Amino acid sequence: MGRAFRRVTRAAAALAVACAGAFAAAPAAPAAESAVTAGACSVDTAARGVATAPSGSPVSVPRADGRVDQFQVFYDSTATQGLPFVWHRAQAAPGGSYGAWERVSAGTVGPKASFVTAVENAAGGLEVFWLDHGGFCHSVQGPTGGAWSAPEDFGLQPSPYHGFLVLFKRSNGTLIAMASSGKPDRSMESRTQLSSDGVWRPAAAMGKVTDEFAGLSQPDTVTELPDRRLKVTAREWNRDRYWQITEAAPDDGLPSGWWPAQWQLCATRECA
């Protein structure tokens, strides 16, 4: 049996809150006079960093040393755009208490859904991703903690309502990020970070479904087979029908050529 991954990951969970629920907790805000972009990521430079109201539940990320870090989306009563932010806290020791919540950056989350996911990379640092106007922003903290990198556009952008970003860590430490794609030549895309250098490779096409009228949501399951190839299943974004695809060879970080050209329609959700 291979290593399996379900929609809600154990090591890097996704937090997605519907539009109505997200805005129900949002405090009133004035006009967005301080809305700017940093590398295509939206930021609110006037927000002072006040964790006023949470959106959803904390996302836990187990660390290699036994500690657990958590991420949480919080609204801020000082925000000018009415959008929340990603906050982070960490255990000082395995099983110990958590430190205080600290804002990752002024990068705003949403607006149609609150989503954050995170993972520990091979170097022992943390990588966090959040939804920003349909795309995903990305920030990194080094192995010793400290400041987070400035928000950067991660480059994957699903069609509206086609799901979020899914992270998977291979048995050799390589990370892969996957999301559905609205590009005409592909139904899903992936980016790979090798454990040897920590650099995210350019987006690779993950094949296309054979039904021209079908579109995929985010991966539903990801399984690493005994030969290290990945098998991915995904549900159509608006239909109870599933598709699967399996790597032709384990991805070593090259930008293309490792996924077959087409997805296969499944008879069941498990795609057995």
# chains A, B, ... in the order shown; residues from 1 in each chain; ligands from 1

$ residues_around --residues "A:Glu152" --least-positions-apart "3" --cutoff "10 Å" --atoms "only C-alpha atoms" --output "ChimeraX atom specification"
/A:37-42,107,129,136-140,149,155

$ write_last_selection --atoms "N, CA and C atoms" --output "tab-separated table (two decimals), in the first residue's frame"
chain	number	residue	atom	x	y	z
A	37	THR	N	-0.40	46.04	-3.55
A	37	THR	CA	-0.01	44.68	-3.90
A	37	THR	C	1.48	44.52	-3.70
A	38	ALA	N	1.89	43.35	-3.25
A	38	ALA	CA	3.30	43.01	-3.06
A	38	ALA	C	3.55	41.75	-3.85
A	39	GLY	N	4.19	41.88	-5.04
A	39	GLY	CA	4.41	40.71	-5.88
A	39	GLY	C	3.12	40.06	-6.27
A	40	ALA	N	2.08	40.86	-6.59
A	40	ALA	CA	0.75	40.40	-7.00
A	40	ALA	C	-0.07	39.89	-5.83
A	41	CYS	N	0.42	39.97	-4.62
A	41	CYS	CA	-0.36	39.60	-3.43
A	41	CYS	C	-0.91	40.86	-2.79
A	42	SER	N	-2.18	40.83	-2.42
A	42	SER	CA	-2.82	42.01	-1.83
A	42	SER	C	-2.40	42.15	-0.36
A	107	GLY	N	-0.48	40.49	4.32
A	107	GLY	CA	-1.19	39.90	3.19
A	107	GLY	C	-2.61	39.52	3.57
A	129	PHE	N	0.62	29.00	2.79
A	129	PHE	CA	-0.06	29.44	1.57
A	129	PHE	C	-1.47	29.88	1.96
A	136	PHE	N	-3.04	32.08	-5.05
A	136	PHE	CA	-2.47	31.71	-3.76
A	136	PHE	C	-1.20	32.49	-3.51
A	137	CYS	N	-1.08	33.01	-2.29
A	137	CYS	CA	0.13	33.69	-1.87
A	137	CYS	C	0.93	32.77	-0.95
A	138	HIS	N	2.21	33.08	-0.82
A	138	HIS	CA	3.15	32.14	-0.21
A	138	HIS	C	4.16	32.93	0.62
A	139	SER	N	4.48	32.42	1.81
A	139	SER	CA	5.49	33.03	2.67
A	139	SER	C	6.25	31.93	3.37
A	140	VAL	N	7.53	32.18	3.69
A	140	VAL	CA	8.41	31.16	4.25
A	140	VAL	C	9.08	31.70	5.52
A	149	SER	N	9.08	35.66	5.15
A	149	SER	CA	9.38	36.35	3.89
A	149	SER	C	8.16	37.14	3.43
A	155	GLY	N	1.55	31.46	-8.11
A	155	GLY	CA	1.43	31.17	-9.53
A	155	GLY	C	0.39	30.15	-9.93

$ residues_around --residues "A:Asp220" --least-positions-apart "2" --cutoff "12 Å" --atoms "only C-alpha atoms" --output "PyMOL selection string"
chain A and resi 4-9+162-168+178-180+216-218+222-223+231-237+241-245+269-271

$ select_by_dssp --residues "stretch 91-149 of chain A" --states "strand (DSSP E or B)" --output "ChimeraX atom specification"
/A:91,98,102-108,110,114-120,126-132,135-141,148

$ write_last_selection --atoms "C-alpha atoms" --output "compact mmCIF listing (two decimals), in the first residue's frame"
# COMPACT_ATOMS: atom_id res chain seq x y z
CA GLN A 91 5.02 25.15 20.71
CA TYR A 98 1.80 27.48 22.55
CA GLU A 102 1.78 36.58 15.69
CA ARG A 103 0.66 37.86 12.31
CA VAL A 104 2.54 36.32 9.39
CA SER A 105 2.25 39.42 7.21
CA ALA A 106 -0.06 42.18 6.04
CA GLY A 107 -1.19 39.90 3.19
CA THR A 108 -4.98 39.71 3.10
CA GLY A 110 -10.09 36.08 0.67
CA SER A 114 -10.75 32.00 4.02
CA PHE A 115 -8.14 29.38 3.19
CA VAL A 116 -4.69 28.61 4.62
CA THR A 117 -2.48 25.54 4.41
CA ALA A 118 1.10 25.00 5.55
CA VAL A 119 3.88 22.41 5.68
CA GLU A 120 7.37 21.94 7.08
CA LEU A 126 7.75 26.48 7.42
CA GLU A 127 5.90 27.35 4.23
CA VAL A 128 2.41 28.83 4.41
CA PHE A 129 -0.06 29.44 1.57
CA TRP A 130 -3.33 31.36 1.58
CA LEU A 131 -6.08 32.31 -0.85
CA ASP A 132 -5.83 35.78 -2.35
CA GLY A 135 -4.84 32.76 -6.54
CA PHE A 136 -2.47 31.71 -3.76
CA CYS A 137 0.13 33.69 -1.87
CA HIS A 138 3.15 32.14 -0.21
CA SER A 139 5.49 33.03 2.67
CA VAL A 140 8.41 31.16 4.25
CA GLN A 141 9.96 31.11 7.73
CA TRP A 148 8.50 35.57 7.50

$ closest_residue --among "A:Val86, A:Leu175, A:Ala214, A:Ala205" --to "A:Leu156" --atoms "only C-alpha atoms"
A:Ala205

$ closest_residue --among "A:Pro226, A:Thr221, A:Ile176, A:Val209" --to "A:Leu265" --atoms "only C-alpha atoms"
A:Val209

$ closest_residue --among "A:Ser171, A:Asn238, A:Gln262, A:Gln72" --to "A:Pro54" --atoms "only C-alpha atoms"
A:Gln72

$ closest_residue --among "A:Gln157, A:Gln264, A:Ser190, A:Ser60" --to "A:Asp251" --atoms "only C-alpha atoms"
A:Ser190

$ closest_residue --among "A:Gly95, A:Ala150, A:Val109, A:Ala90" --to "A:Val73" --atoms "only C-alpha atoms"
A:Val109

$ residues_around --residues "stretch 182-189 of chain A" --least-positions-apart "4" --cutoff "6 Å" --atoms "only C-alpha atoms" --output "ChimeraX atom specification"
/A:158-159,178,204-208

$ write_last_selection --atoms "N, CA, C and O atoms" --output "PDB file, in the first residue's frame"
ATOM      1  N   PRO A 158      -6.789  28.427  -9.739  1.00  0.00           N
ATOM      2  CA  PRO A 158      -7.912  27.656 -10.282  1.00  0.00           C
ATOM      3  C   PRO A 158      -8.989  28.569 -10.855  1.00  0.00           C
ATOM      4  O   PRO A 158      -9.046  29.762 -10.546  1.00  0.00           O
ATOM      5  N   SER A 159      -9.860  27.995 -11.669  1.00  0.00           N
ATOM      6  CA  SER A 159     -11.060  28.714 -12.078  1.00  0.00           C
ATOM      7  C   SER A 159     -11.928  28.934 -10.838  1.00  0.00           C
ATOM      8  O   SER A 159     -11.803  28.213  -9.852  1.00  0.00           O
ATOM      9  N   MET A 178      -0.515  21.145  -5.601  1.00  0.00           N
ATOM     10  CA  MET A 178      -1.404  20.876  -6.726  1.00  0.00           C
ATOM     11  C   MET A 178      -2.686  21.683  -6.603  1.00  0.00           C
ATOM     12  O   MET A 178      -3.220  21.859  -5.502  1.00  0.00           O
ATOM     13  N   ALA A 204       3.845  22.708 -13.655  1.00  0.00           N
ATOM     14  CA  ALA A 204       3.792  21.635 -14.648  1.00  0.00           C
ATOM     15  C   ALA A 204       2.347  21.245 -14.902  1.00  0.00           C
ATOM     16  O   ALA A 204       1.536  21.188 -13.970  1.00  0.00           O
ATOM     17  N   ALA A 205       2.019  20.985 -16.158  1.00  0.00           N
ATOM     18  CA  ALA A 205       0.684  20.522 -16.504  1.00  0.00           C
ATOM     19  C   ALA A 205       0.490  19.099 -15.995  1.00  0.00           C
ATOM     20  O   ALA A 205       1.374  18.260 -16.128  1.00  0.00           O
ATOM     21  N   MET A 206      -0.685  18.842 -15.404  1.00  0.00           N
ATOM     22  CA  MET A 206      -1.010  17.504 -14.897  1.00  0.00           C
ATOM     23  C   MET A 206      -2.099  16.861 -15.749  1.00  0.00           C
ATOM     24  O   MET A 206      -3.016  16.232 -15.230  1.00  0.00           O
ATOM     25  N   GLY A 207      -2.019  16.973 -17.044  1.00  0.00           N
ATOM     26  CA  GLY A 207      -2.975  16.324 -17.914  1.00  0.00           C
ATOM     27  C   GLY A 207      -4.315  17.039 -17.974  1.00  0.00           C
ATOM     28  O   GLY A 207      -4.565  18.017 -17.275  1.00  0.00           O
ATOM     29  N   LYS A 208      -5.186  16.529 -18.852  1.00  0.00           N
ATOM     30  CA  LYS A 208      -6.492  17.132 -19.078  1.00  0.00           C
ATOM     31  C   LYS A 208      -7.562  16.045 -19.094  1.00  0.00           C
ATOM     32  O   LYS A 208      -7.331  14.941 -19.607  1.00  0.00           O
TER      33      LYS A 208
END

$ decode --residues "stretch 112-135 of chain A" --atoms "N, CA and C atoms" --output "JSON list (two decimals), in the first residue's frame"
[["chain", "number", "residue", "atom", "x", "y", "z"],
["A", 112, "LYS", "N", -13.60, 35.76, -1.10],
["A", 112, "LYS", "CA", -14.77, 34.87, -1.15],
["A", 112, "LYS", "C", -14.65, 33.68, -0.21],
["A", 113, "ALA", "N", -13.47, 33.37, 0.27],
["A", 113, "ALA", "CA", -13.28, 32.26, 1.21],
["A", 113, "ALA", "C", -12.00, 32.49, 1.98],
["A", 114, "SER", "N", -11.97, 31.99, 3.22],
["A", 114, "SER", "CA", -10.75, 32.00, 4.02],
["A", 114, "SER", "C", -10.08, 30.63, 3.86],
["A", 115, "PHE", "N", -8.84, 30.64, 3.42],
["A", 115, "PHE", "CA", -8.14, 29.38, 3.19],
["A", 115, "PHE", "C", -6.67, 29.57, 3.56],
["A", 116, "VAL", "N", -6.12, 28.63, 4.33],
["A", 116, "VAL", "CA", -4.69, 28.61, 4.62],
["A", 116, "VAL", "C", -4.25, 27.15, 4.74],
["A", 117, "THR", "N", -3.07, 26.85, 4.24],
["A", 117, "THR", "CA", -2.48, 25.54, 4.41],
["A", 117, "THR", "C", -0.98, 25.74, 4.58],
["A", 118, "ALA", "N", -0.31, 24.82, 5.25],
["A", 118, "ALA", "CA", 1.10, 25.00, 5.55],
["A", 118, "ALA", "C", 1.78, 23.64, 5.68],
["A", 119, "VAL", "N", 3.11, 23.66, 5.60],
["A", 119, "VAL", "CA", 3.88, 22.41, 5.68],
["A", 119, "VAL", "C", 5.30, 22.76, 6.12],
["A", 120, "GLU", "N", 5.95, 21.80, 6.76],
["A", 120, "GLU", "CA", 7.37, 21.94, 7.08],
["A", 120, "GLU", "C", 8.18, 21.42, 5.90],
["A", 121, "ASN", "N", 9.17, 22.19, 5.45],
["A", 121, "ASN", "CA", 9.97, 21.75, 4.31],
["A", 121, "ASN", "C", 11.17, 20.92, 4.77],
["A", 122, "ALA", "N", 11.95, 20.43, 3.81],
["A", 122, "ALA", "CA", 13.04, 19.51, 4.13],
["A", 122, "ALA", "C", 14.12, 20.15, 4.99],
["A", 123, "ALA", "N", 14.26, 21.47, 4.90],
["A", 123, "ALA", "CA", 15.27, 22.18, 5.69],
["A", 123, "ALA", "C", 14.82, 22.45, 7.11],
["A", 124, "GLY", "N", 13.56, 22.16, 7.43],
["A", 124, "GLY", "CA", 13.04, 22.41, 8.75],
["A", 124, "GLY", "C", 12.36, 23.75, 8.90],
["A", 125, "GLY", "N", 12.18, 24.47, 7.79],
["A", 125, "GLY", "CA", 11.44, 25.72, 7.81],
["A", 125, "GLY", "C", 9.97, 25.48, 7.56],
["A", 126, "LEU", "N", 9.19, 26.55, 7.66],
["A", 126, "LEU", "CA", 7.75, 26.48, 7.42],
["A", 126, "LEU", "C", 7.38, 27.23, 6.16],
["A", 127, "GLU", "N", 6.43, 26.68, 5.42],
["A", 127, "GLU", "CA", 5.90, 27.35, 4.23],
["A", 127, "GLU", "C", 4.39, 27.42, 4.38],
["A", 128, "VAL", "N", 3.84, 28.62, 4.24],
["A", 128, "VAL", "CA", 2.41, 28.83, 4.41],
["A", 128, "VAL", "C", 1.84, 29.44, 3.14],
["A", 129, "PHE", "N", 0.62, 29.00, 2.79],
["A", 129, "PHE", "CA", -0.06, 29.44, 1.57],
["A", 129, "PHE", "C", -1.47, 29.88, 1.96],
["A", 130, "TRP", "N", -1.96, 30.93, 1.31],
["A", 130, "TRP", "CA", -3.33, 31.36, 1.58],
["A", 130, "TRP", "C", -3.98, 31.88, 0.30],
["A", 131, "LEU", "N", -5.30, 31.87, 0.31],
["A", 131, "LEU", "CA", -6.08, 32.31, -0.85],
["A", 131, "LEU", "C", -6.06, 33.83, -0.94],
["A", 132, "ASP", "N", -5.82, 34.34, -2.13],
["A", 132, "ASP", "CA", -5.83, 35.78, -2.35],
["A", 132, "ASP", "C", -6.47, 36.06, -3.70],
["A", 133, "HIS", "N", -7.74, 36.47, -3.68],
["A", 133, "HIS", "CA", -8.47, 36.85, -4.89],
["A", 133, "HIS", "C", -8.37, 35.79, -5.98],
["A", 134, "GLY", "N", -8.55, 34.53, -5.61],
["A", 134, "GLY", "CA", -8.58, 33.45, -6.59],
["A", 134, "GLY", "C", -7.26, 32.74, -6.80],
["A", 135, "GLY", "N", -6.15, 33.40, -6.45],
["A", 135, "GLY", "CA", -4.84, 32.76, -6.54],
["A", 135, "GLY", "C", -4.32, 32.45, -5.14]]
